[in-house]
Each structure stands twice: as C-alpha cells, then as structure tokens.
Amino acid sequence: MKLTNIIPKQSSIIDGKTQFFIAANDFDYNGLPILKDSIVYYYSGNIKVNLIGFGIFQDSNVPELIAEKLPEDGHRNYIVEKGGLCNYEI
C-alpha cells in the first residue's frame with residue numbers, strides 16, 4: 001500500500017481544523033505558495049509543508065489525520081511502499 005493512497009488530497013486549508021493531506025493543486029495559504037503534491041500538516045494555526053515529523057504516524061494520530069489505519073508488520077512498524085528514488089528515504 002502506498003502512503004499516497006491513504007493520505008487524502010485537498011486544495012485548501014480550513015482554518016481552525018487539524019488537517020493532514022497531499023495538495024491536489026497549487027494554492028496559496030495566507031501568501032504561502034503550496035505546490036501540488038506537497039504534504040501539508042495544519043494544526044492550531046501552524047502549518048508545515050513537506051516537514052512532517054515521524055510522530056505524526058503514532059497510533060493516537062492515525063485515526064484523526066489519516067482516518068484509516070496503516071497495515072503493520074507485527075512490530076508496530078507501518079508498512080508502505082517506497083515512494084521515491086532517494087536511497088535514504090524512510
């Protein structure tokens with residue numbers, strides 16, 4: 001399963017609502033350009049674009065941010081397919 005099949009896509013940020021998504025199109029948020037296919041995390045008025053910490057995938061956040069549990073390998077590691085060509089990609 002690819003992570004890009006689980007994380008929802010959207011084209012805008014709804015103020016005041018925690019959101020985690022892949023940008024479906026280029027758009028601006030308060031003057032900040034967000035490019036298509038960027039990973040966006042918006043929470044409590046803060047925004048992070050393509051700077052997502054690993055903690056976002058802990059069990060307590062998965063239902064709220066992804067709304068679907070990722071498959072696990074039995075050692076509490078989530079299973080996703082490699083998405084890029086970088087050898088250092090985790």
# chains A, B, ... in the order shown; residues from 1 in each chain; ligands from 1
call {"tool": "residues_around", "arguments": {"residues": "A:Ser38", "least_positions_apart": "2", "cutoff": "7 Å", "atoms": "only C-alpha atoms", "output": "list in words"}}
result
Ile22, Ala23, Ile34, Leu35, Lys36, Val40, Val49 and Asn50 of chain A
call {"tool": "residues_around", "arguments": {"residues": "stretch 30-33 of chain A", "least_positions_apart": "3", "cutoff": "12 Å", "atoms": "only C-alpha atoms", "output": "VMD selection string"}}
result
chain A and resid 11 to 15 23 25 to 27 36 38 40 45 to 49
call {"tool": "write_last_selection", "arguments": {"atoms": "C-alpha atoms", "output": "compact mmCIF listing (two decimals), in the first residue's frame"}}
result
# COMPACT_ATOMS: atom_id res chain seq x y z
CA SER A 11 -6.87 22.00 -2.42
CA SER A 12 -7.29 24.34 0.53
CA ILE A 13 -6.83 24.70 4.27
CA ILE A 14 -9.83 25.08 6.56
CA ASP A 15 -8.85 27.43 9.39
CA ALA A 23 -2.09 19.14 -2.08
CA ASN A 25 -3.36 21.52 -6.85
CA ASP A 26 -1.10 24.54 -6.38
CA PHE A 27 -2.70 27.03 -3.96
CA LYS A 36 0.70 20.33 -5.95
CA SER A 38 3.19 18.71 -1.20
CA VAL A 40 0.59 19.61 4.31
CA GLY A 45 -2.90 27.86 13.32
CA ASN A 46 0.51 26.36 12.42
CA ILE A 47 1.36 24.91 9.05
CA LYS A 48 4.12 22.54 7.98
CA VAL A 49 4.75 21.73 4.34
call {"tool": "atom_distance", "arguments": {"atom1": "atom CA of A:Asp73", "atom2": "atom CA of A:Ile7"}}
result
19.4 Å
call {"tool": "decode", "arguments": {"residues": "stretch 16-46 of chain A", "atoms": "N, CA and C atoms", "output": "mmCIF file, in the first residue's frame"}}
result
data_model
loop_
_atom_site.group_PDB
_atom_site.id
_atom_site.type_symbol
_atom_site.label_atom_id
_atom_site.label_comp_id
_atom_site.auth_asym_id
_atom_site.auth_seq_id
_atom_site.Cartn_x
_atom_site.Cartn_y
_atom_site.Cartn_z
ATOM 1 N N GLY A 16 -8.738 26.515 11.633
ATOM 2 C CA GLY A 16 -9.266 26.000 12.886
ATOM 3 C C GLY A 16 -9.473 24.503 12.930
ATOM 4 N N LYS A 17 -9.217 23.800 11.847
ATOM 5 C CA LYS A 17 -9.409 22.355 11.801
ATOM 6 C C LYS A 17 -8.068 21.676 11.524
ATOM 7 N N THR A 18 -7.679 20.704 12.356
ATOM 8 C CA THR A 18 -6.450 19.949 12.120
ATOM 9 C C THR A 18 -6.604 19.172 10.823
ATOM 10 N N GLN A 19 -5.597 19.295 9.949
ATOM 11 C CA GLN A 19 -5.657 18.639 8.655
ATOM 12 C C GLN A 19 -4.294 18.087 8.274
ATOM 13 N N PHE A 20 -4.308 16.973 7.581
ATOM 14 C CA PHE A 20 -3.105 16.333 7.063
ATOM 15 C C PHE A 20 -3.476 15.812 5.691
ATOM 16 N N PHE A 21 -2.839 16.354 4.644
ATOM 17 C CA PHE A 21 -3.244 15.985 3.299
ATOM 18 C C PHE A 21 -2.133 16.218 2.289
ATOM 19 N N ILE A 22 -2.354 15.710 1.085
ATOM 20 C CA ILE A 22 -1.496 15.971 -0.062
ATOM 21 C C ILE A 22 -2.201 17.024 -0.904
ATOM 22 N N ALA A 23 -1.482 18.063 -1.286
ATOM 23 C CA ALA A 23 -2.085 19.141 -2.081
ATOM 24 C C ALA A 23 -2.484 18.597 -3.458
ATOM 25 N N ALA A 24 -3.767 18.734 -3.791
ATOM 26 C CA ALA A 24 -4.277 18.256 -5.073
ATOM 27 C C ALA A 24 -3.903 19.206 -6.205
ATOM 28 N N ASN A 25 -3.714 20.486 -5.874
ATOM 29 C CA ASN A 25 -3.360 21.523 -6.848
ATOM 30 C C ASN A 25 -2.446 22.529 -6.174
ATOM 31 N N ASP A 26 -1.825 23.402 -6.953
ATOM 32 C CA ASP A 26 -1.101 24.542 -6.379
ATOM 33 C C ASP A 26 -2.134 25.479 -5.756
ATOM 34 N N PHE A 27 -1.835 26.017 -4.563
ATOM 35 C CA PHE A 27 -2.701 27.027 -3.957
ATOM 36 C C PHE A 27 -1.884 27.858 -2.975
ATOM 37 N N ASP A 28 -2.436 28.982 -2.574
ATOM 38 C CA ASP A 28 -1.795 29.868 -1.587
ATOM 39 C C ASP A 28 -2.557 29.796 -0.279
ATOM 40 N N TYR A 29 -1.824 29.861 0.826
ATOM 41 C CA TYR A 29 -2.447 29.990 2.141
ATOM 42 C C TYR A 29 -1.791 31.169 2.837
ATOM 43 N N ASN A 30 -2.532 32.241 3.024
ATOM 44 C CA ASN A 30 -2.019 33.468 3.648
ATOM 45 C C ASN A 30 -0.695 33.910 3.027
ATOM 46 N N GLY A 31 -0.618 33.854 1.699
ATOM 47 C CA GLY A 31 0.573 34.287 0.984
ATOM 48 C C GLY A 31 1.650 33.223 0.833
ATOM 49 N N LEU A 32 1.477 32.069 1.460
ATOM 50 C CA LEU A 32 2.436 30.969 1.344
ATOM 51 C C LEU A 32 2.029 30.089 0.166
ATOM 52 N N PRO A 33 2.869 30.009 -0.873
ATOM 53 C CA PRO A 33 2.523 29.141 -2.001
ATOM 54 C C PRO A 33 2.741 27.675 -1.626
ATOM 55 N N ILE A 34 1.742 26.866 -1.862
ATOM 56 C CA ILE A 34 1.823 25.428 -1.614
ATOM 57 C C ILE A 34 1.655 24.741 -2.958
ATOM 58 N N LEU A 35 2.631 23.944 -3.324
ATOM 59 C CA LEU A 35 2.636 23.314 -4.635
ATOM 60 C C LEU A 35 1.919 21.969 -4.626
ATOM 61 N N LYS A 36 1.378 21.612 -5.767
ATOM 62 C CA LYS A 36 0.705 20.331 -5.946
ATOM 63 C C LYS A 36 1.623 19.200 -5.475
ATOM 64 N N ASP A 37 1.051 18.213 -4.817
ATOM 65 C CA ASP A 37 1.728 17.016 -4.305
ATOM 66 C C ASP A 37 2.579 17.261 -3.066
ATOM 67 N N SER A 38 2.511 18.461 -2.480
ATOM 68 C CA SER A 38 3.187 18.714 -1.202
ATOM 69 C C SER A 38 2.395 18.052 -0.082
ATOM 70 N N ILE A 39 3.086 17.613 0.958
ATOM 71 C CA ILE A 39 2.413 17.080 2.143
ATOM 72 C C ILE A 39 2.199 18.247 3.098
ATOM 73 N N VAL A 40 0.968 18.459 3.489
ATOM 74 C CA VAL A 40 0.595 19.609 4.309
ATOM 75 C C VAL A 40 0.038 19.120 5.639
ATOM 76 N N TYR A 41 0.530 19.705 6.726
ATOM 77 C CA TYR A 41 0.010 19.423 8.074
ATOM 78 C C TYR A 41 -0.339 20.754 8.697
ATOM 79 N N TYR A 42 -1.611 20.959 9.002
ATOM 80 C CA TYR A 42 -2.092 22.203 9.597
ATOM 81 C C TYR A 42 -2.715 21.878 10.942
ATOM 82 N N TYR A 43 -2.286 22.571 11.991
ATOM 83 C CA TYR A 43 -2.802 22.334 13.336
ATOM 84 C C TYR A 43 -2.664 23.613 14.155
ATOM 85 N N SER A 44 -3.670 23.957 14.903
ATOM 86 C CA SER A 44 -3.663 25.094 15.839
ATOM 87 C C SER A 44 -3.076 26.364 15.225
ATOM 88 N N GLY A 45 -3.400 26.652 13.968
ATOM 89 C CA GLY A 45 -2.896 27.856 13.319
ATOM 90 C C GLY A 45 -1.497 27.735 12.756
ATOM 91 N N ASN A 46 -0.835 26.603 12.958
ATOM 92 C CA ASN A 46 0.512 26.356 12.418
ATOM 93 C C ASN A 46 0.412 25.507 11.166
#
